[in-house]
Amino acid sequence: MTPGSTSAACAALFRRDLTLAWRRRGDIAMPVLYAVIVTTLFPFALGPEAALLARISGGVVLVTVLLAILLALDSLFRSDIDDGSLEQLMLAPQPLALLLGVKILAHWLTAAAPLIVVAPVLASMLRMPANVIPALIAALVLATPLLSLLGAVLVALTAGTRRSGMLLALMLLPLCVPVVIFAAGAVAAAQEGLPWVAPIAWLGAALALALVLAPMACAAALRIAMDA
Amino acid sequence: MTPGSTSAACAALFRRDLTLAWRRRGDIAMPVLYAVIVTTLFPFALGPEAALLARISGGVVLVTVLLAILLALDSLFRSDIDDGSLEQLMLAPQPLALLLGVKILAHWLTAAAPLIVVAPVLASMLRMPANVIPALIAALVLATPLLSLLGAVLVALTAGTRRSGMLLALMLLPLCVPVVIFAAGAVAAAQEGLPWVAPIAWLGAALALALVLAPMACAAALRIAMDA
Amino acid sequence: MSQFFAMGGYAFYVWVSFAVFFIVLLVDALAPLVRRRRNLRELRARMARSDARRRPGSNA
Amino acid sequence: MANWVPLWLHKLGSPPIFYRFAGVVRPWALALAILAALAALYGGLVLAPADYQQGDAYRIIFIHVPSAWMSLFIYGAMAVAAFVGLVWRIKIAEVVAMESAPIGAAFTFITLVTGSLWGKPMWGTWWTWDARLTSELVLLFLYLGVIGLYHSFEDRRQGARAASFLALIGIVNVPIVHFSVNWWNTLHQGSTVRILGPSHIEMSMLWPLLTMMLATKLYYIASLFARVRADLIATESGKDWVRAIALAENGDRP
Amino acid sequence: MRAAESANVLIEARALTYSRQDEVVFGPIDFAIHAGDIALIEGDNGSGKTTLMRILTGMLHTDEGELIFEGAPYTRDTTAGAIVFLGHHLGLKLDLSARENLHVAEGLYGRRDGADPLGVLTSVGLAGYEDEPVQRLSAGQKKRAALARLLLVPARVWLLDEPYANLDRDGIALVNRLLGEHAARGGAALVTSHGAVSFAGDEPRRIRLHA
Amino acid sequence: MRAAESANVLIEARALTYSRQDEVVFGPIDFAIHAGDIALIEGDNGSGKTTLMRILTGMLHTDEGELIFEGAPYTRDTTAGAIVFLGHHLGLKLDLSARENLHVAEGLYGRRDGADPLGVLTSVGLAGYEDEPVQRLSAGQKKRAALARLLLVPARVWLLDEPYANLDRDGIALVNRLLGEHAARGGAALVTSHGAVSFAGDEPRRIRLHA
Ligand code: HEM
Ligand SMILES: Nc1ncnc2c1ncn2[C@@H]1O[C@H](COP(=O)(O)OP(=O)(O)OP(=O)(O)O)[C@@H](O)[C@H]1O
Ligand SMILES: Nc1ncnc2c1ncn2[C@@H]1O[C@H](COP(=O)(O)OP(=O)(O)OP(=O)(O)O)[C@@H](O)[C@H]1O
Ligand SMILES: [Mg+2]
Ligand SMILES: [Mg+2]
């Protein structure tokens, strides 16, 4: 008998999730399209005044990206729960936290990373000055994995329920307020020509912490949620 | 044998959907909470400057309500499809369009109507002047059922797929751009002290049309989606 | 007395505040009492039903 | 030294004993709460003089501040109970945590409403995106998230465990939200709020305030115990002691 | 094909075929279901039983072959109210009790003479569970609640996709008894099964897929 | 309880009870599963078979009674890798082919000596369907794909919740053959069934719920 090694398990899971994402590659485009469309709605709802749009561009893009991630998060474990794969994962003789970390990574790569690529485009559509864009990208690079990790813990908690993504939004909001404040702080500082390293550093520190703690919390949450 | 009368069927279905909503009354609160949360995010992302918030309050509230309805729409047929109730509904000897109309009405009452109640509160939190609020309410009273009806057709079309709410968002957003433009037009006119009856009248006309056509389109879409 | 109720022109704010305080807490206090009654009622119904199940003649 | 303390706690962990204990304590706590509240109201609304700057509007302080304080205190109590429930799987602790959440949410709601009603005459607006106000709103969302998660599970115990977990994650957020005063919002309005510096406060205003704080604490105990009793009836419904209560109470009413 | 009885034919299929992506799922089959018939659709896993069922409900369409309902073409108008379907998904609302579920079915389909929700629940062995949310019932109990619907509504044709799955011995006997009574009342039923357990009454008609 | 064989006991339950909202789902039961045992968990609909299965996977916890795995308490650490579970939900990714699904299982659980994905697919009768997305398989074919996983991974204890449901006669024989071979290899299995169809090999141990 050949018991599976941990690295083989992680690799198999990572490949599986990427393959599945590729098979449904339409779904990868979804968060991006969602962000594009929501951003597009704002000029319609607010009128096309350039100064106003530039003023709010950073905030609107951040909120939009956050909402898109929120929507995508719901699918993190959904299909695995529905088809029983999650139970198979939980019974595997590997550290569950590690496996979940791999899943979160794959999910971030397929759902959130494309948003970072498209965000600058959306921001420029809203007339964000070019010199602010680097701050926006830096903020998103740190904020999106942070949101994915925090969100994963909460999604895991709702795993046993038949609820919609709305409950998730409610639970995630208090956790993402600080993230939004720091990210928006960096962008706003850049917009006023001030240095924007400090809020970015805070985001980085939070991300480092979340990278270590979130997968473990996620595993614990999942065990609680599946215990019925 | 007593074949069921159409009115009895509609009443039974309406009662069923309201009972189900009541059994999961936490879910009714969800769109409202979602709207509250998304609205709350904007001051964090944009800063608390009162004049700016007042300027964008109408647009933000409209977009937020729209997103909340969009999320709620996903549940319109979801559970009925998952548990096979929809097939039972389609086999019933009653006009399907009528039954679907009843379902849409029940859904609007439970998911969208609470949003109309909470929208003025959100708008004033964003410092919308009190004299604009009536225009906002009028716009929402007409726009939300319109969105529910349009959305229902699209949800029906995606019924056979296992896609997330994202696909729905994607399909619905182009359709709701005109709705947003007219609703935002009414609010903006009120904000500038101009008469805001004309855009509201357009919304009313569109709603009248949708009331007649959407249930039939919905029934047709559903038959197509289930034929696989 | 009416001066007391006028609250120096702030009557609306003060009295509505106090009303909200007491109404919310009153609802909060009554809710569990109602719930306890209902839970007991449902429990009795459930006990009656499970008695009905055990009675011979039904399935099992 | 005193090993009766853990013993006592252990006994209280047993549902029927806690049920009876709560039943005894609840009426006393409620009666004392009402007495204290009446005294505080008399002191606050009648005896205390009007504020020289705010006039009579300041009297809202006698409910606003105790409620605000309770909204934070109850979150702490809930988190402690949640921790105990998760780690030692003590059922009573789970129930206490879950039944604290609605009370905390109620006090948070009162704080928001009374603060708004106070803000309108004082600041000219009933809402502003000030750090303290916003963090109180976020606290309400935290409470609602815990309540929502609890009720979204079919199985109550499982829901209680999941929501306890969320409550614990949420407490990480409390200091973050608290420090947001420094990180966010250059238009900080705290100074407006501090018209009554603690050192300036009149004795005639202070004692009703403190008495009201005592009243809200006692009320929390009373409400919590009523809720725990209602909940135990449902979750322990298979046990004989609950069935006995059900049958006994049926006898009272024809 | 018994010409003499053709007046009595409820459902008739002539050279019915279904192809998915131009691959034939089940071959051309012919059958006729009369009032009082219980037809067993047999076939191995993947032979197209569920697919045939969905065609017979009218939800799935095929252009190959002909399907006739009481002499008329098989459309929604002609079959309306005459057919009731019980599939892999039972069509029960989990948050409602079995009784409430039946009230909805009654509203939508009408009620058979002499049937009432409580009575039919008792006859499928769910006495005592009437007011329990369906959520709380086990797999087999849910199936029984779904079977109760068949007894309540006036439909003459029952389409049952694997009614025996998840049922215990009592449950299987129950399905067979219900089918027997339905046939005796002049109803007809099509039942799928892979033959491991099956209708035990009078020799049923058999429709074999994947001969 | 055979004291002499106690060294060989894989799973032992002593007065195991599960209550949901303080209503007992299944009573105190005792059993011991040895290497080479096939145990049939029998019980009517709603008697708690699925619940017992979930407890044995370690996903559901109960505080009443004792559960022992190879002499040690029943925790994730002691059971890791020794147990494989096949439930009502099969744990197959519908967008992957059967073969890809097996590769994932192999990565997570490891591989039994001498087993390989193609071989096990052939032995469950899915030769020719290896690269078809599971989505396109019928209910019974999906079940077979899930059964193939059991053969691939090295777990000694199989927990099968209603493996016979949805299978045709061939499929039922297949499950029985797989169980027999597994027992001969020194593995053990717990199988639920409501007794309509069941393991036909040597007299299996029986665990009755709702006696
Ligand atoms: C919606 C509006 C408001 C909210 C959400 C709110 C919230 C709070 C909170 C959470 C506290 C407790 C802080 C702590 O214990 O650490 C508090 C205390 C207090 N609030 Fe408000 N407040 C609001 C409006 C106002 C207004 C308009 C005033 C007066 C002009 C006011 C005066 C006070 C005072 C005097 C305290 C006690 C401060 C202390 O001693 O720490 N509040 N408020
Ligand atoms: N959604 C689908 N897309 C493509 N092919 C499908 C789909 N569903 C089923 N099939 C294929 O159609 C054929 C018939 O499937 P069907 O579900 O009707 O079989 P069945 O007789 O009900 O089998 P079982 O006894 O296993 O339930 C199978 O070969 C299957 O592979
Ligand atoms: N989610 C749930 N919530 C509450 N009660 C439940 C739940 N699931 C099952 N039950 C109850 O627990 C008992 C055992 O259910 P279980 O699913 O274990 O039965 P089973 O033996 O697998 O039955 P079947 O043969 O019908 O699948 C049943 O009486 C059922 O009503
Ligand atoms: Mg089938
Ligand atoms: Mg089962």
# chains A, B, ... in the order shown; residues from 1 in each chain; ligands from 1
call {"tool": "residues_near_ligand", "arguments": {"ligand": "ligand 3", "cutoff": "9 Å", "atoms": "only C-alpha atoms and all ligand atoms", "output": "ChimeraX atom specification"}}
result
/A:228 /D:154-155 /E:132,134-143,166-168 /F:19-21,24-26,42-54,88,161-162,192-194,209
call {"tool": "write_last_selection", "arguments": {"atoms": "C-alpha atoms", "output": "PDB file, in the first residue's frame"}}
result
ATOM      1  CA  ALA A 228     -24.682  17.447  11.954  1.00  0.00           C
TER       2      ALA A 228
ATOM      3  CA  GLU D 154     -31.121  23.198  11.172  1.00  0.00           C
ATOM      4  CA  ASP D 155     -29.559  21.834  14.312  1.00  0.00           C
TER       5      ASP D 155
ATOM      6  CA  GLU E 132     -43.296  17.382  10.937  1.00  0.00           C
ATOM      7  CA  VAL E 134     -40.337  17.274   5.590  1.00  0.00           C
ATOM      8  CA  GLN E 135     -36.739  18.341   6.253  1.00  0.00           C
ATOM      9  CA  ARG E 136     -36.776  16.173   9.347  1.00  0.00           C
ATOM     10  CA  LEU E 137     -37.965  13.005   7.626  1.00  0.00           C
ATOM     11  CA  SER E 138     -35.537  10.335   6.489  1.00  0.00           C
ATOM     12  CA  ALA E 139     -35.011   9.475   2.829  1.00  0.00           C
ATOM     13  CA  GLY E 140     -37.666   6.771   2.858  1.00  0.00           C
ATOM     14  CA  GLN E 141     -40.176   8.838   4.786  1.00  0.00           C
ATOM     15  CA  LYS E 142     -39.798  11.644   2.267  1.00  0.00           C
ATOM     16  CA  LYS E 143     -40.526   9.187  -0.515  1.00  0.00           C
ATOM     17  CA  ASN E 166     -34.701   4.128  -0.830  1.00  0.00           C
ATOM     18  CA  LEU E 167     -37.747   2.227   0.386  1.00  0.00           C
ATOM     19  CA  ASP E 168     -37.696  -0.589   2.905  1.00  0.00           C
TER      20      ASP E 168
ATOM     21  CA  SER F  19     -29.624  11.891  19.949  1.00  0.00           C
ATOM     22  CA  ARG F  20     -30.793  14.814  17.869  1.00  0.00           C
ATOM     23  CA  GLN F  21     -32.323  17.635  19.888  1.00  0.00           C
ATOM     24  CA  VAL F  24     -32.777   9.362  20.521  1.00  0.00           C
ATOM     25  CA  VAL F  25     -32.183   8.569  16.848  1.00  0.00           C
ATOM     26  CA  PHE F  26     -30.768   5.133  17.452  1.00  0.00           C
ATOM     27  CA  GLU F  42     -30.213  -3.010   8.614  1.00  0.00           C
ATOM     28  CA  GLY F  43     -33.101  -0.834   9.605  1.00  0.00           C
ATOM     29  CA  ASP F  44     -36.250   0.667   8.243  1.00  0.00           C
ATOM     30  CA  ASN F  45     -36.489   4.068   6.680  1.00  0.00           C
ATOM     31  CA  GLY F  46     -35.577   6.649   9.265  1.00  0.00           C
ATOM     32  CA  SER F  47     -33.991   4.210  11.680  1.00  0.00           C
ATOM     33  CA  GLY F  48     -30.670   6.071  11.665  1.00  0.00           C
ATOM     34  CA  LYS F  49     -28.485   4.143   9.224  1.00  0.00           C
ATOM     35  CA  THR F  50     -27.124   7.216   7.514  1.00  0.00           C
ATOM     36  CA  THR F  51     -26.600   8.851  10.880  1.00  0.00           C
ATOM     37  CA  LEU F  52     -24.575   5.894  12.131  1.00  0.00           C
ATOM     38  CA  MET F  53     -22.488   5.988   8.973  1.00  0.00           C
ATOM     39  CA  ARG F  54     -21.650   9.633   9.473  1.00  0.00           C
ATOM     40  CA  HIS F  88     -25.741   9.318  -0.770  1.00  0.00           C
ATOM     41  CA  ASP F 161     -24.373   3.952   2.624  1.00  0.00           C
ATOM     42  CA  GLU F 162     -26.961   2.197   0.448  1.00  0.00           C
ATOM     43  CA  THR F 192     -26.395  -0.115   5.020  1.00  0.00           C
ATOM     44  CA  SER F 193     -29.434  -1.539   3.381  1.00  0.00           C
ATOM     45  CA  HIS F 194     -33.089  -1.870   4.216  1.00  0.00           C
ATOM     46  CA  LEU F 209     -31.255  -0.562  14.216  1.00  0.00           C
TER      47      LEU F 209
END
call {"tool": "residues_near_ligand", "arguments": {"ligand": "ligand 1", "cutoff": "6 Å", "atoms": "only C-alpha atoms and all ligand atoms", "output": "ChimeraX atom specification"}}
result
/D:65,68-69,111-112,115-116,118-119,122,127,132-133,136,193-194,196
call {"tool": "write_last_selection", "arguments": {"atoms": "N, CA, C and O atoms", "output": "compact mmCIF listing (two decimals), in the first residue's frame"}}
result
# COMPACT_ATOMS: atom_id res chain seq x y z
N VAL D 65 -25.89 56.45 27.21
CA VAL D 65 -24.59 55.94 27.65
C VAL D 65 -24.70 54.56 28.29
O VAL D 65 -23.90 53.68 27.97
N ALA D 68 -25.05 52.18 25.42
CA ALA D 68 -23.80 52.03 24.68
C ALA D 68 -22.84 51.13 25.44
O ALA D 68 -22.21 50.23 24.86
N TRP D 69 -22.81 51.36 26.72
CA TRP D 69 -21.90 50.54 27.51
C TRP D 69 -22.32 49.08 27.49
O TRP D 69 -21.50 48.18 27.33
N THR D 111 -28.73 52.33 21.30
CA THR D 111 -27.65 53.31 21.28
C THR D 111 -27.66 54.11 19.99
O THR D 111 -27.53 55.34 20.01
N LEU D 112 -27.84 53.39 18.89
CA LEU D 112 -27.83 54.07 17.60
C LEU D 112 -28.99 55.05 17.50
O LEU D 112 -28.83 56.20 17.07
N GLY D 115 -28.64 57.93 20.07
CA GLY D 115 -27.54 58.79 19.64
C GLY D 115 -27.97 59.67 18.48
O GLY D 115 -27.68 60.87 18.45
N SER D 116 -28.71 59.08 17.54
CA SER D 116 -29.20 59.86 16.42
C SER D 116 -30.13 60.96 16.90
O SER D 116 -30.03 62.11 16.47
N TRP D 118 -30.18 62.34 19.65
CA TRP D 118 -29.42 63.34 20.36
C TRP D 118 -28.60 64.20 19.38
O TRP D 118 -28.43 65.40 19.56
N GLY D 119 -28.11 63.53 18.38
CA GLY D 119 -27.28 64.23 17.41
C GLY D 119 -28.04 65.30 16.64
O GLY D 119 -27.48 66.35 16.31
N MET D 122 -28.07 68.47 18.57
CA MET D 122 -26.75 68.91 18.97
C MET D 122 -25.83 69.19 17.79
O MET D 122 -25.10 70.17 17.77
N TRP D 127 -27.06 61.72 11.60
CA TRP D 127 -26.05 60.70 11.32
C TRP D 127 -24.82 61.34 10.71
O TRP D 127 -24.93 62.25 9.89
N ARG D 132 -16.78 56.68 15.92
CA ARG D 132 -17.50 56.00 16.99
C ARG D 132 -18.87 55.55 16.52
O ARG D 132 -19.29 54.42 16.76
N LEU D 133 -19.56 56.40 15.81
CA LEU D 133 -20.88 56.04 15.33
C LEU D 133 -20.80 54.84 14.39
O LEU D 133 -21.57 53.87 14.49
N GLU D 136 -20.10 51.58 16.06
CA GLU D 136 -21.29 51.05 16.73
C GLU D 136 -22.19 50.36 15.70
O GLU D 136 -22.77 49.29 15.97
N VAL D 193 -18.73 65.44 21.14
CA VAL D 193 -19.40 64.52 22.04
C VAL D 193 -19.01 64.79 23.47
O VAL D 193 -19.81 64.68 24.39
N ARG D 194 -17.73 65.20 23.64
CA ARG D 194 -17.22 65.34 25.00
C ARG D 194 -17.51 66.69 25.62
O ARG D 194 -16.64 67.32 26.19
N LEU D 196 -19.51 67.00 28.07
CA LEU D 196 -19.47 66.65 29.48
C LEU D 196 -18.21 65.84 29.75
O LEU D 196 -18.23 64.63 29.63
call {"tool": "residues_around", "arguments": {"residues": "segment 181-188 of chain F", "least_positions_apart": "2", "cutoff": "8 Å", "atoms": "only C-alpha atoms", "output": "number ranges by chain"}}
result
F: 33-39, 156-158, 177-179, 190
call {"tool": "write_last_selection", "arguments": {"atoms": "N, CA and C atoms", "output": "CSV table (one decimal), in the first residue's frame"}}
result
chain,number,residue,atom,x,y,z
F,33,ILE,N,-16.3,-4.9,14.7
F,33,ILE,CA,-16.0,-5.3,13.3
F,33,ILE,C,-14.5,-5.7,13.3
F,34,HIS,N,-14.3,-7.0,12.8
F,34,HIS,CA,-13.0,-7.5,12.7
F,34,HIS,C,-12.5,-7.4,11.3
F,35,ALA,N,-11.2,-7.6,11.1
F,35,ALA,CA,-10.7,-7.7,9.7
F,35,ALA,C,-11.4,-8.8,9.0
F,36,GLY,N,-11.8,-8.7,7.8
F,36,GLY,CA,-12.5,-9.7,7.1
F,36,GLY,C,-14.0,-9.8,7.3
F,37,ASP,N,-14.5,-8.9,8.1
F,37,ASP,CA,-16.0,-8.8,8.3
F,37,ASP,C,-16.7,-7.9,7.3
F,38,ILE,N,-17.8,-8.4,6.8
F,38,ILE,CA,-18.7,-7.5,6.1
F,38,ILE,C,-20.0,-7.4,7.0
F,39,ALA,N,-20.2,-6.2,7.5
F,39,ALA,CA,-21.4,-6.0,8.4
F,39,ALA,C,-22.5,-5.3,7.7
F,156,ARG,N,-8.6,0.3,4.7
F,156,ARG,CA,-9.0,-1.0,5.1
F,156,ARG,C,-10.5,-1.1,5.4
F,157,VAL,N,-11.1,0.0,5.8
F,157,VAL,CA,-12.5,-0.1,6.2
F,157,VAL,C,-13.3,0.7,5.2
F,158,TRP,N,-14.3,0.0,4.6
F,158,TRP,CA,-15.2,0.7,3.7
F,158,TRP,C,-16.5,1.0,4.4
F,177,ARG,N,-19.6,-8.8,-5.3
F,177,ARG,CA,-18.3,-9.4,-5.6
F,177,ARG,C,-17.2,-8.5,-5.0
F,178,LEU,N,-17.3,-7.2,-5.1
F,178,LEU,CA,-16.2,-6.3,-4.6
F,178,LEU,C,-16.1,-6.5,-3.1
F,179,LEU,N,-17.3,-6.6,-2.4
F,179,LEU,CA,-17.3,-6.8,-1.0
F,179,LEU,C,-16.6,-8.1,-0.6
F,190,LEU,N,-18.7,-1.8,6.3
F,190,LEU,CA,-20.1,-1.7,6.9
F,190,LEU,C,-21.0,-1.2,5.8
call {"tool": "interface_residues", "arguments": {"of": "chain B", "to": "chain D", "cutoff": "9 Å", "atoms": "only C-alpha atoms", "output": "ChimeraX atom specification"}}
result
/B:24,26-27,33,37,40,43-44,47-50,124-127
call {"tool": "residues_around", "arguments": {"residues": "Ile104 of chain B", "least_positions_apart": "2", "cutoff": "9 Å", "atoms": "only C-alpha atoms", "output": "ChimeraX atom specification"}}
result
/B:76,99-102,106-109,145,148-149,152,215
call {"tool": "write_last_selection", "arguments": {"atoms": "C-alpha atoms", "output": "compact mmCIF listing (two decimals), in the first residue's frame"}}
result
# COMPACT_ATOMS: atom_id res chain seq x y z
CA LEU B 76 -36.62 32.88 -7.21
CA LEU B 99 -48.57 30.68 -11.75
CA LEU B 100 -45.21 32.26 -12.43
CA GLY B 101 -46.76 35.70 -12.10
CA VAL B 102 -47.96 34.71 -8.65
CA ALA B 106 -44.70 36.77 -3.78
CA HIS B 107 -40.99 37.14 -4.37
CA TRP B 108 -41.27 40.87 -4.90
CA LEU B 109 -43.31 41.26 -1.74
CA PRO B 145 -41.16 45.36 -9.66
CA SER B 148 -38.16 41.64 -10.55
CA LEU B 149 -40.16 40.94 -13.68
CA ALA B 152 -37.54 36.53 -13.52
CA PRO B 215 -44.86 36.26 -17.02
call {"tool": "interface_residues", "arguments": {"of": "chain B", "to": "chain E", "cutoff": "10 Å", "atoms": "only C-alpha atoms", "output": "number ranges by chain"}}
result
B: 1-16, 19-21, 23-24, 79-95, 99, 223-228
call {"tool": "select_by_dssp", "arguments": {"residues": "segment 5-175 of chain D", "states": "alpha helix (DSSP H)", "output": "number ranges by chain"}}
result
D: 5-12, 15-41, 61-88, 91-123, 131-151, 156-175
